[in-house]
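The data block below is work_24.cif; it holds mmCIF, C-alpha atoms and all ligand atoms.
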data_protein
loop_
_atom_site.group_PDB
_atom_site.id
_atom_site.type_symbol
_atom_site.label_atom_id
_atom_site.label_comp_id
_atom_site.auth_asym_id
_atom_site.auth_seq_id
_atom_site.Cartn_x
_atom_site.Cartn_y
_atom_site.Cartn_z
ATOM 1 C CA MET A 1 -6.201 -32.123 -5.728
ATOM 2 C CA SER A 2 -6.336 -28.624 -4.230
ATOM 3 C CA LYS A 3 -9.536 -27.831 -2.368
ATOM 4 C CA ILE A 4 -10.576 -24.226 -2.867
ATOM 5 C CA PRO A 5 -12.226 -22.720 0.231
ATOM 6 C CA PHE A 6 -15.553 -20.955 -0.150
ATOM 7 C CA ILE A 7 -16.798 -17.807 1.534
ATOM 8 C CA THR A 8 -20.484 -16.875 1.902
ATOM 9 C CA PHE A 9 -21.759 -13.577 0.537
ATOM 10 C CA PRO A 10 -24.681 -11.805 2.284
ATOM 11 C CA THR A 11 -26.756 -12.903 -0.749
ATOM 12 C CA GLY A 12 -26.211 -16.503 0.399
ATOM 13 C CA GLN A 13 -23.951 -17.256 -2.584
ATOM 14 C CA SER A 14 -20.995 -19.584 -1.945
ATOM 15 C CA VAL A 15 -18.001 -17.856 -3.464
ATOM 16 C CA PRO A 16 -14.687 -19.571 -4.275
ATOM 17 C CA GLN A 17 -12.049 -17.648 -2.317
ATOM 18 C CA PHE A 18 -9.520 -18.099 -5.124
ATOM 19 C CA GLY A 19 -9.878 -17.253 -8.810
ATOM 20 C CA LEU A 20 -8.142 -16.246 -12.028
ATOM 21 C CA GLY A 21 -7.528 -12.567 -12.810
ATOM 22 C CA THR A 22 -7.537 -11.741 -16.530
ATOM 23 C CA TRP A 23 -6.225 -8.189 -16.802
ATOM 24 C CA GLU A 24 -3.909 -7.979 -19.851
ATOM 25 C CA LEU A 25 -5.004 -11.446 -20.984
ATOM 26 C CA THR A 26 -6.506 -11.225 -24.453
ATOM 27 C CA GLY A 27 -6.775 -13.354 -27.580
ATOM 28 C CA ASP A 28 -5.489 -16.902 -27.596
ATOM 29 C CA ALA A 29 -3.524 -16.451 -24.334
ATOM 30 C CA CYS A 30 -6.747 -15.478 -22.570
ATOM 31 C CA ARG A 31 -8.774 -18.291 -24.109
ATOM 32 C CA ARG A 32 -6.131 -20.860 -23.112
ATOM 33 C CA SER A 33 -5.644 -19.539 -19.576
ATOM 34 C CA VAL A 34 -9.379 -19.495 -18.857
ATOM 35 C CA ALA A 35 -9.919 -22.960 -20.375
ATOM 36 C CA ASP A 36 -6.871 -24.465 -18.618
ATOM 37 C CA ALA A 37 -7.764 -22.854 -15.301
ATOM 38 C CA LEU A 38 -11.366 -24.104 -15.290
ATOM 39 C CA ALA A 39 -10.277 -27.556 -16.483
ATOM 40 C CA MET A 40 -7.740 -27.871 -13.644
ATOM 41 C CA GLY A 41 -10.264 -26.892 -10.979
ATOM 42 C CA TYR A 42 -10.408 -23.080 -10.795
ATOM 43 C CA LYS A 43 -13.959 -22.011 -9.992
ATOM 44 C CA HIS A 44 -13.817 -18.231 -10.232
ATOM 45 C CA ILE A 45 -12.926 -15.945 -13.165
ATOM 46 C CA ASP A 46 -12.468 -12.174 -12.847
ATOM 47 C CA THR A 47 -12.805 -9.960 -15.904
ATOM 48 C CA ALA A 48 -13.951 -6.404 -16.713
ATOM 49 C CA VAL A 49 -15.364 -4.470 -19.638
ATOM 50 C CA GLY A 50 -12.123 -2.496 -19.515
ATOM 51 C CA TYR A 51 -9.996 -5.604 -20.155
ATOM 52 C CA SER A 52 -11.529 -5.973 -23.661
ATOM 53 C CA ASN A 53 -11.499 -9.750 -23.291
ATOM 54 C CA HIS A 54 -15.138 -10.763 -22.654
ATOM 55 C CA THR A 55 -15.407 -12.686 -25.928
ATOM 56 C CA ASP A 56 -12.073 -14.449 -25.291
ATOM 57 C CA VAL A 57 -13.182 -15.359 -21.768
ATOM 58 C CA ALA A 58 -16.378 -16.740 -23.350
ATOM 59 C CA VAL A 59 -14.380 -19.005 -25.667
ATOM 60 C CA GLY A 60 -12.207 -20.183 -22.764
ATOM 61 C CA ILE A 61 -15.311 -21.043 -20.741
ATOM 62 C CA LYS A 62 -16.806 -22.961 -23.672
ATOM 63 C CA ASP A 63 -13.533 -24.788 -24.422
ATOM 64 C CA SER A 64 -13.219 -25.885 -20.793
ATOM 65 C CA GLY A 65 -16.501 -27.771 -21.011
ATOM 66 C CA VAL A 66 -17.253 -26.719 -17.421
ATOM 67 C CA ALA A 67 -20.941 -26.188 -16.623
ATOM 68 C CA ARG A 68 -22.075 -22.619 -15.931
ATOM 69 C CA ASP A 69 -23.213 -23.375 -12.393
ATOM 70 C CA SER A 70 -19.777 -24.799 -11.507
ATOM 71 C CA PHE A 71 -17.887 -21.511 -11.551
ATOM 72 C CA PHE A 72 -18.241 -17.917 -10.350
ATOM 73 C CA LEU A 73 -17.943 -15.093 -12.890
ATOM 74 C CA THR A 74 -17.253 -11.437 -12.108
ATOM 75 C CA THR A 75 -17.156 -8.452 -14.433
ATOM 76 C CA LYS A 76 -16.919 -4.694 -13.900
ATOM 77 C CA ILE A 77 -18.521 -1.548 -15.280
ATOM 78 C CA PRO A 78 -16.016 1.120 -16.387
ATOM 79 C CA PRO A 79 -16.145 4.570 -14.741
ATOM 80 C CA SER A 80 -17.182 6.138 -18.071
ATOM 81 C CA LYS A 81 -20.426 4.092 -18.126
ATOM 82 C CA LEU A 82 -21.980 4.697 -14.722
ATOM 83 C CA ALA A 83 -25.157 6.582 -15.711
ATOM 84 C CA ARG A 84 -28.340 4.518 -15.265
ATOM 85 C CA SER A 85 -28.982 3.730 -18.956
ATOM 86 C CA GLN A 86 -25.300 2.906 -19.496
ATOM 87 C CA VAL A 87 -25.182 0.508 -16.527
ATOM 88 C CA ILE A 88 -28.252 -1.357 -17.808
ATOM 89 C CA GLU A 89 -26.741 -1.518 -21.300
ATOM 90 C CA VAL A 90 -23.332 -2.682 -20.029
ATOM 91 C CA GLY A 91 -24.974 -5.429 -17.956
ATOM 92 C CA LYS A 92 -26.976 -6.742 -20.922
ATOM 93 C CA THR A 93 -24.045 -6.496 -23.360
ATOM 94 C CA SER A 94 -21.616 -8.125 -20.934
ATOM 95 C CA VAL A 95 -23.627 -11.319 -20.474
ATOM 96 C CA LYS A 96 -24.020 -11.593 -24.264
ATOM 97 C CA GLU A 97 -20.275 -11.114 -24.827
ATOM 98 C CA LEU A 98 -19.445 -13.605 -22.072
ATOM 99 C CA GLY A 99 -21.838 -16.169 -23.565
ATOM 100 C CA VAL A 100 -23.720 -16.606 -20.287
ATOM 101 C CA GLU A 101 -27.217 -15.856 -19.024
ATOM 102 C CA TYR A 102 -26.011 -14.124 -15.892
ATOM 103 C CA VAL A 103 -22.846 -13.025 -14.108
ATOM 104 C CA ASP A 104 -22.407 -13.860 -10.438
ATOM 105 C CA LEU A 105 -21.010 -10.475 -9.525
ATOM 106 C CA LEU A 106 -21.017 -7.046 -11.150
ATOM 107 C CA LEU A 107 -18.720 -4.332 -9.804
ATOM 108 C CA ILE A 108 -18.251 -0.601 -10.256
ATOM 109 C CA HIS A 109 -14.646 -0.746 -11.511
ATOM 110 C CA TRP A 110 -13.669 2.749 -10.316
ATOM 111 C CA PRO A 111 -15.695 5.446 -8.573
ATOM 112 C CA THR A 112 -16.462 8.714 -10.355
ATOM 113 C CA ARG A 113 -17.883 12.057 -9.282
ATOM 114 C CA LYS A 114 -19.481 12.545 -12.714
ATOM 115 C CA VAL A 115 -22.543 10.421 -11.885
ATOM 116 C CA PRO A 116 -24.213 10.333 -8.460
ATOM 117 C CA LEU A 117 -23.363 7.039 -6.753
ATOM 118 C CA GLU A 118 -27.065 6.620 -5.911
ATOM 119 C CA GLU A 119 -27.944 6.534 -9.633
ATOM 120 C CA THR A 120 -25.333 3.866 -10.427
ATOM 121 C CA ILE A 121 -26.204 1.736 -7.414
ATOM 122 C CA GLY A 122 -29.904 2.025 -8.262
ATOM 123 C CA ALA A 123 -29.241 0.752 -11.801
ATOM 124 C CA MET A 124 -27.135 -2.121 -10.476
ATOM 125 C CA ASN A 125 -29.996 -3.084 -8.171
ATOM 126 C CA GLU A 126 -32.240 -3.190 -11.259
ATOM 127 C CA LEU A 127 -29.778 -5.633 -12.864
ATOM 128 C CA VAL A 128 -30.023 -7.854 -9.789
ATOM 129 C CA LYS A 129 -33.819 -7.822 -10.047
ATOM 130 C CA SER A 130 -33.748 -8.649 -13.776
ATOM 131 C CA GLY A 131 -31.343 -11.565 -13.181
ATOM 132 C CA ILE A 132 -28.415 -10.178 -15.211
ATOM 133 C CA THR A 133 -26.240 -10.378 -12.088
ATOM 134 C CA ARG A 134 -26.655 -12.355 -8.877
ATOM 135 C CA ALA A 135 -24.741 -9.861 -6.743
ATOM 136 C CA ILE A 136 -23.163 -6.422 -6.878
ATOM 137 C CA GLY A 137 -20.077 -4.803 -5.435
ATOM 138 C CA VAL A 138 -17.486 -2.086 -5.854
ATOM 139 C CA SER A 139 -13.802 -1.772 -6.635
ATOM 140 C CA ASN A 140 -11.192 0.802 -5.645
ATOM 141 C CA PHE A 141 -13.557 2.349 -3.081
ATOM 142 C CA ASN A 142 -12.058 3.987 0.011
ATOM 143 C CA GLN A 143 -13.595 3.551 3.472
ATOM 144 C CA ASP A 144 -16.031 6.488 3.206
ATOM 145 C CA LEU A 145 -17.192 5.550 -0.259
ATOM 146 C CA VAL A 146 -17.772 1.863 0.462
ATOM 147 C CA THR A 147 -19.765 2.897 3.550
ATOM 148 C CA GLU A 148 -21.859 5.231 1.375
ATOM 149 C CA ALA A 149 -22.396 2.511 -1.260
ATOM 150 C CA CYS A 150 -23.730 0.155 1.435
ATOM 151 C CA ARG A 151 -26.084 2.865 2.704
ATOM 152 C CA LEU A 152 -27.465 3.521 -0.788
ATOM 153 C CA SER A 153 -28.030 -0.070 -1.902
ATOM 154 C CA ASP A 154 -30.997 -2.377 -1.314
ATOM 155 C CA ALA A 155 -28.984 -5.398 -2.475
ATOM 156 C CA PRO A 156 -25.902 -6.022 -0.326
ATOM 157 C CA ILE A 157 -22.582 -4.644 -1.508
ATOM 158 C CA CYS A 158 -20.803 -7.992 -1.446
ATOM 159 C CA THR A 159 -17.199 -7.101 -2.156
ATOM 160 C CA ASN A 160 -14.743 -4.241 -2.505
ATOM 161 C CA GLN A 161 -12.021 -5.329 -4.936
ATOM 162 C CA VAL A 162 -8.829 -3.454 -4.085
ATOM 163 C CA GLU A 163 -5.071 -3.755 -4.377
ATOM 164 C CA TYR A 164 -3.967 -5.989 -1.505
ATOM 165 C CA HIS A 165 -0.650 -7.786 -1.008
ATOM 166 C CA PRO A 166 2.205 -8.035 1.518
ATOM 167 C CA TYR A 167 3.383 -4.516 0.572
ATOM 168 C CA LEU A 168 -0.116 -3.021 0.862
ATOM 169 C CA ASN A 169 -1.759 -4.624 3.884
ATOM 170 C CA GLN A 170 -4.851 -2.437 4.097
ATOM 171 C CA THR A 171 -5.779 -3.277 7.679
ATOM 172 C CA GLU A 172 -8.113 -0.308 8.276
ATOM 173 C CA LEU A 173 -9.991 -0.765 5.009
ATOM 174 C CA LEU A 174 -10.276 -4.493 5.763
ATOM 175 C CA LYS A 175 -11.763 -3.726 9.189
ATOM 176 C CA THR A 176 -14.275 -1.209 7.804
ATOM 177 C CA CYS A 177 -15.345 -3.636 5.078
ATOM 178 C CA THR A 178 -15.626 -6.542 7.523
ATOM 179 C CA ASP A 179 -17.795 -4.415 9.837
ATOM 180 C CA LEU A 180 -20.037 -3.603 6.845
ATOM 181 C CA GLY A 181 -20.260 -7.270 5.797
ATOM 182 C CA VAL A 182 -18.265 -6.502 2.633
ATOM 183 C CA VAL A 183 -15.652 -9.107 1.648
ATOM 184 C CA ILE A 184 -12.335 -7.772 0.349
ATOM 185 C CA THR A 185 -11.113 -9.169 -2.978
ATOM 186 C CA ALA A 186 -7.351 -8.758 -3.421
ATOM 187 C CA TYR A 187 -6.152 -7.622 -6.817
ATOM 188 C CA SER A 188 -2.494 -7.654 -7.874
ATOM 189 C CA PRO A 189 -1.923 -10.103 -4.979
ATOM 190 C CA LEU A 190 1.463 -11.109 -6.408
ATOM 191 C CA THR A 191 2.431 -7.429 -6.888
ATOM 192 C CA ARG A 192 2.873 -8.265 -10.588
ATOM 193 C CA GLY A 193 6.051 -10.106 -9.660
ATOM 194 C CA LYS A 194 7.725 -7.888 -7.032
ATOM 195 C CA VAL A 195 7.119 -10.388 -4.195
ATOM 196 C CA PHE A 196 9.183 -13.091 -5.858
ATOM 197 C CA SER A 197 12.497 -11.486 -4.861
ATOM 198 C CA ASP A 198 11.472 -10.783 -1.250
ATOM 199 C CA ASP A 199 13.879 -12.522 1.174
ATOM 200 C CA THR A 200 11.324 -12.718 4.002
ATOM 201 C CA LEU A 201 8.750 -14.405 1.795
ATOM 202 C CA LYS A 202 11.407 -16.630 0.223
ATOM 203 C CA ALA A 203 12.446 -17.855 3.690
ATOM 204 C CA ILE A 204 8.840 -18.805 4.529
ATOM 205 C CA ALA A 205 8.506 -20.556 1.162
ATOM 206 C CA ILE A 206 11.714 -22.538 1.769
ATOM 207 C CA LYS A 207 10.525 -23.532 5.255
ATOM 208 C CA HIS A 208 7.318 -24.979 3.759
ATOM 209 C CA LYS A 209 9.101 -26.370 0.638
ATOM 210 C CA THR A 210 6.838 -24.293 -1.571
ATOM 211 C CA THR A 211 6.811 -21.103 -3.657
ATOM 212 C CA VAL A 212 6.478 -17.431 -2.721
ATOM 213 C CA SER A 213 3.322 -17.297 -4.802
ATOM 214 C CA GLN A 214 1.691 -19.996 -2.680
ATOM 215 C CA VAL A 215 2.793 -18.288 0.539
ATOM 216 C CA VAL A 216 1.136 -15.005 -0.482
ATOM 217 C CA ILE A 217 -2.061 -16.725 -1.649
ATOM 218 C CA ALA A 218 -2.268 -18.769 1.583
ATOM 219 C CA TRP A 219 -1.729 -15.606 3.672
ATOM 220 C CA LEU A 220 -4.560 -13.718 1.922
ATOM 221 C CA ILE A 221 -6.926 -16.685 2.185
ATOM 222 C CA SER A 222 -6.156 -16.992 5.909
ATOM 223 C CA LYS A 223 -7.363 -13.384 6.303
ATOM 224 C CA GLY A 224 -10.790 -14.151 4.785
ATOM 225 C CA ILE A 225 -9.908 -12.327 1.572
ATOM 226 C CA ILE A 226 -10.769 -13.496 -1.964
ATOM 227 C CA VAL A 227 -7.617 -13.671 -4.090
ATOM 228 C CA ILE A 228 -7.492 -13.467 -7.902
ATOM 229 C CA PRO A 229 -3.916 -13.757 -9.253
ATOM 230 C CA LYS A 230 -3.484 -13.481 -13.003
ATOM 231 C CA ALA A 231 -1.446 -16.266 -14.572
ATOM 232 C CA SER A 232 -0.753 -17.598 -18.028
ATOM 233 C CA GLY A 233 0.610 -21.046 -18.699
ATOM 234 C CA LYS A 234 -0.204 -24.228 -16.827
ATOM 235 C CA ALA A 235 2.849 -24.050 -14.550
ATOM 236 C CA HIS A 236 1.845 -20.725 -12.960
ATOM 237 C CA LEU A 237 -1.832 -21.672 -12.894
ATOM 238 C CA GLU A 238 -1.025 -24.923 -11.054
ATOM 239 C CA ASP A 239 1.447 -23.270 -8.698
ATOM 240 C CA ASN A 240 -1.127 -20.676 -7.630
ATOM 241 C CA LEU A 241 -3.974 -23.171 -7.280
ATOM 242 C CA ALA A 242 -1.864 -25.272 -4.915
ATOM 243 C CA GLY A 243 -1.553 -22.196 -2.662
ATOM 244 C CA VAL A 244 -5.128 -22.769 -1.432
ATOM 245 C CA SER A 245 -3.975 -25.915 0.394
ATOM 246 C CA LEU A 246 -0.955 -24.394 2.137
ATOM 247 C CA GLN A 247 -1.313 -23.915 5.904
ATOM 248 C CA LEU A 248 0.969 -21.190 7.217
ATOM 249 C CA ASP A 249 2.139 -21.183 10.827
ATOM 250 C CA VAL A 250 0.981 -18.367 13.119
ATOM 251 C CA ASP A 251 4.495 -16.923 13.184
ATOM 252 C CA ASP A 252 4.626 -16.891 9.349
ATOM 253 C CA VAL A 253 1.455 -14.815 9.293
ATOM 254 C CA THR A 254 2.881 -12.422 11.890
ATOM 255 C CA THR A 255 6.077 -12.115 9.854
ATOM 256 C CA ILE A 256 4.149 -11.242 6.683
ATOM 257 C CA GLU A 257 1.906 -8.782 8.559
ATOM 258 C CA ASN A 258 5.043 -6.999 9.784
ATOM 259 C CA ILE A 259 6.701 -6.507 6.378
ATOM 260 C CA PRO A 260 7.360 -2.768 6.555
ATOM 261 C CA GLU A 261 7.606 -1.969 2.850
ATOM 262 C CA THR A 262 4.720 -0.076 1.219
ATOM 263 C CA ILE A 263 4.130 -0.250 -2.510
ATOM 264 C CA ARG A 264 0.959 0.834 -4.303
ATOM 265 C CA LEU A 265 1.078 -0.364 -7.903
ATOM 266 C CA VAL A 266 -2.219 1.193 -8.982
ATOM 267 C CA ASP A 267 -2.314 4.707 -7.573
ATOM 268 C CA GLY A 268 -5.653 5.703 -9.109
ATOM 269 C CA SER A 269 -4.322 9.153 -9.882
ATOM 270 C CA TRP A 270 -6.677 9.358 -12.888
ATOM 271 C CA VAL A 271 -9.834 9.123 -10.762
ATOM 272 C CA GLU A 272 -11.418 11.815 -8.664
ATOM 273 C CA TYR A 273 -11.418 9.935 -5.371
ATOM 274 C CA PRO A 274 -8.289 9.537 -3.249
ATOM 275 C CA PHE A 275 -7.590 6.209 -1.607
HETATM 276 N N1 LIG B 301 -10.253 -3.787 -9.916
HETATM 277 C C1 LIG B 301 -9.144 -3.270 -10.388
HETATM 278 O O1 LIG B 301 -8.990 -2.051 -10.554
HETATM 279 C C2 LIG B 301 -7.998 -4.187 -10.728
HETATM 280 C C3 LIG B 301 -6.714 -3.671 -10.927
HETATM 281 C C4 LIG B 301 -5.691 -4.566 -11.217
HETATM 282 C C5 LIG B 301 -5.946 -5.926 -11.294
HETATM 283 N N2 LIG B 301 -7.206 -6.415 -11.120
HETATM 284 C C6 LIG B 301 -7.534 -7.854 -11.212
HETATM 285 O O2 LIG B 301 -6.623 -8.593 -10.398
HETATM 286 C C7 LIG B 301 -5.945 -9.557 -11.190
HETATM 287 C C8 LIG B 301 -4.562 -9.847 -10.668
HETATM 288 O O3 LIG B 301 -3.760 -8.685 -10.595
HETATM 289 P P1 LIG B 301 -2.575 -8.346 -11.617
HETATM 290 O O4 LIG B 301 -2.836 -9.021 -12.915
HETATM 291 O O5 LIG B 301 -2.424 -6.878 -11.604
HETATM 292 O O6 LIG B 301 -1.260 -8.906 -10.936
HETATM 293 P P2 LIG B 301 -0.778 -10.215 -10.123
HETATM 294 O O7 LIG B 301 -1.816 -11.258 -10.146
HETATM 295 O O8 LIG B 301 -0.271 -9.732 -8.822
HETATM 296 O O9 LIG B 301 0.495 -10.661 -10.946
HETATM 297 C C9 LIG B 301 0.430 -11.200 -12.238
HETATM 298 C C10 LIG B 301 1.848 -11.474 -12.700
HETATM 299 O O10 LIG B 301 2.425 -12.526 -11.895
HETATM 300 C C11 LIG B 301 2.905 -13.562 -12.740
HETATM 301 N N3 LIG B 301 2.652 -14.837 -12.076
HETATM 302 C C12 LIG B 301 1.449 -15.375 -11.773
HETATM 303 N N4 LIG B 301 1.598 -16.532 -11.100
HETATM 304 C C13 LIG B 301 2.930 -16.744 -10.998
HETATM 305 C C14 LIG B 301 3.694 -17.763 -10.411
HETATM 306 N N5 LIG B 301 3.124 -18.785 -9.786
HETATM 307 N N6 LIG B 301 5.068 -17.675 -10.477
HETATM 308 C C15 LIG B 301 5.652 -16.615 -11.094
HETATM 309 N N7 LIG B 301 4.960 -15.606 -11.670
HETATM 310 C C16 LIG B 301 3.604 -15.657 -11.610
HETATM 311 C C17 LIG B 301 2.104 -13.444 -14.017
HETATM 312 O O11 LIG B 301 2.878 -13.955 -15.074
HETATM 313 P P3 LIG B 301 2.259 -14.924 -16.196
HETATM 314 O O12 LIG B 301 1.115 -14.200 -16.824
HETATM 315 O O13 LIG B 301 3.406 -15.176 -17.089
HETATM 316 O O14 LIG B 301 1.806 -16.189 -15.490
HETATM 317 C C18 LIG B 301 1.925 -11.933 -14.131
HETATM 318 O O15 LIG B 301 3.071 -11.340 -14.698
HETATM 319 C C19 LIG B 301 -5.984 -8.922 -12.593
HETATM 320 O O16 LIG B 301 -5.655 -9.822 -13.608
HETATM 321 C C20 LIG B 301 -7.394 -8.410 -12.617
HETATM 322 O O17 LIG B 301 -8.318 -9.460 -12.869
HETATM 323 C C21 LIG B 301 -8.230 -5.550 -10.813
#
Show how you would write the structure in this file as structure tokens.
Ligand SMILES: NC(=O)c1ccc[n+]([C@@H]2O[C@H](COP(=O)([O-])OP(=O)(O)OC[C@H]3O[C@@H](n4cnc5c(N)ncnc54)[C@H](OP(=O)(O)O)[C@@H]3O)[C@@H](O)[C@H]2O)c1
Amino acid sequence: MSKIPFITFPTGQSVPQFGLGTWELTGDACRRSVADALAMGYKHIDTAVGYSNHTDVAVGIKDSGVARDSFFLTTKIPPSKLARSQVIEVGKTSVKELGVEYVDLLLIHWPTRKVPLEETIGAMNELVKSGITRAIGVSNFNQDLVTEACRLSDAPICTNQVEYHPYLNQTELLKTCTDLGVVITAYSPLTRGKVFSDDTLKAIAIKHKTTVSQVVIAWLISKGIIVIPKASGKAHLEDNLAGVSLQLDVDDVTTIENIPETIRLVDGSWVEYPF
């Protein structure tokens, strides 16, 4: 059985470094993926208000029969709901929809200039104090903004969830976050499928008699990053989970680090802050 590594947040929480992403998973597909994932040993589920799947995630959790304290649950506040009263409301509504008493991690999904960051961070700190969330973090924050979020918050900013994969190796952002004590969480780690036809990654996968998906997951984990691929169907879920046990050689890591191609799938052109 695959042994998922854990990383420690500044809050002291032990966080599974591998989880299931649920963007675009709704209805029965979402319920099944969440239930199957938890039943096969996943310990971390990533959702968001914006994915409109909280109630499906809740059913998947219930169907899995897995106890609440055995998995880590993240959700995110949309950029349209970042005023203080909205943040408090979203926190309370989210736990109800998810059928839980608390979430482990609550993120600002995207930054906005419409509400002062201090106001949003202050409200998120209130949700930590009231027990709605155990930790807080951000998503899609550039280096300046994540630094500012850390300065403004009493509770630690535990993660910055950003696009991160072999075609977007955000070395400078990773360094800034590491210096701040902020763990990077990699979204779209499998580039929504683009990596599967990459000859360099295929060669590493063949060498280890494994899949490209596992190679990418193992690479991200080796960098101290949390990785949350989305998958539906037991075959993909199992393939990805096995990636946590793959040990890459030093030269494999160097090869992946040196992939020259740059692709940003989520350009954030609809938000006010540039990456
Ligand atoms: N914070 C943000 O702004 C943000 C933005 C984007 C994503 N995210 C989060 O990150 C998660 C992951 O990112 P993503 O969904 O964009 O993309 P991704 O995880 O890079 O790729 C998902 C795609 O890869 C396929 N796949 C998964 N495992 C596979 C395998 N072993 N072999 C072949 N194909 C496989 C999936 O197909 P099947 O479904 O058929 O398995 C799906 O089409 C999201 O679900 C979401 O939770 C956050």
Can you tell me, as number ranges by chain, what residues are no more than 9 Å from stretch 128-140 of chain A when counting only C-alpha atoms, ignoring any on the same chain fewer than 4 positions away? A: 9, 11, 13, 76, 91-92, 95, 101-111, 121, 123-124, 146, 149, 155-163, 182, 185, 268, 275
Distance of atom CA of A:Ser70 from atom CA of A:Val215, expressed in Å to one decimal place: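 Separating atom CA of A:Val215 from atom CA of A:Ser70 is a distance of 26.4 Å.
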Output the residue selection produced by the PyMOL selection byres (((not hetatm)) within 8 of (chain B and resi 301)) on the file above, formatted as JSON, numbers by chain. {"A": [20, 21, 22, 23, 24, 25, 45, 46, 47, 48, 76, 109, 110, 139, 140, 161, 162, 163, 186, 187, 188, 189, 190, 191, 192, 193, 196, 211, 212, 213, 214, 228, 229, 230, 231, 232, 233, 235, 236, 237, 238, 239, 240, 266]}
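Shortest atom-to-atom contact with A:Val49 among A:Asp69, A:Asp28, A:Glu89, A:Asp63: A:Glu89, counting only C-alpha atoms.
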With all atoms listed in the file as the counted atoms, please give the residues lying no more than 6 Å from stretch 245-247 of chain A, apart from itself and same-chain residues fewer than 3 positions off, as an MDAnalysis selection string. chainID A and resid 2 218 242
From atom CA of A:Gly181 to atom CA of A:Asn142 the spacing works out at 15.1 Å
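For the pair atom CA of A:Leu98 and atom CA of A:Ala29, the interatomic distance is 16.3 Å.
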Pull the neighbourhood of (6.1, -21.7, 10.1) for me: all residues within 8 Å in file coordinates, counting all atoms listed in the file, as a PyMOL selection string. chain A and resi 204+207-208+248-252
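When the distance limit is 10 Å and only C-alpha atoms are what count, the residues near A:Ile4, minus those fewer than 3 positions from it on the same chain, are Met1, Ile7, Val15, Pro16, Gln17, Phe18, Gly19, Gly41, Tyr42, Lys43, Ile221, Leu241, Ala242, Gly243, Val244 and Ser245 of chain A.
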Pick from A:Val115, A:Pro79, A:Ala205, A:Asp198 nearest to A:Trp270, counting all atoms listed in the file: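 Among the listed residues, the smallest separation from A:Trp270 belongs to A:Pro79.
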Once the PyMOL selection byres (((chain A and resi 59) around 9) and not hetatm) has been evaluated on this model, what residues remain selected, and can you format them as a ChimeraX atom specification? /A:30-32,34-35,54-58,60-64,98-99
Written as a ChimeraX atom specification, which residues does the PyMOL selection byres (((chain A and resi 224) around 9) and not hetatm) give for the file shown? /A:7,17,183-184,220-223,225-226
My list of candidates is A:Gly12, A:Ala203, A:Leu127, A:Glu257. Which is closest to A:Leu168 when distances are computed with only C-alpha atoms? A:Glu257
Which of these, A:Gly65, A:Tyr51, A:Cys150, A:Asn169, has the shortest distance to A:Pro260 once you count only C-alpha atoms?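 Checking each of A:Gly65, A:Tyr51, A:Cys150, A:Asn169 against A:Pro260, counting only C-alpha atoms, the winner is A:Asn169.
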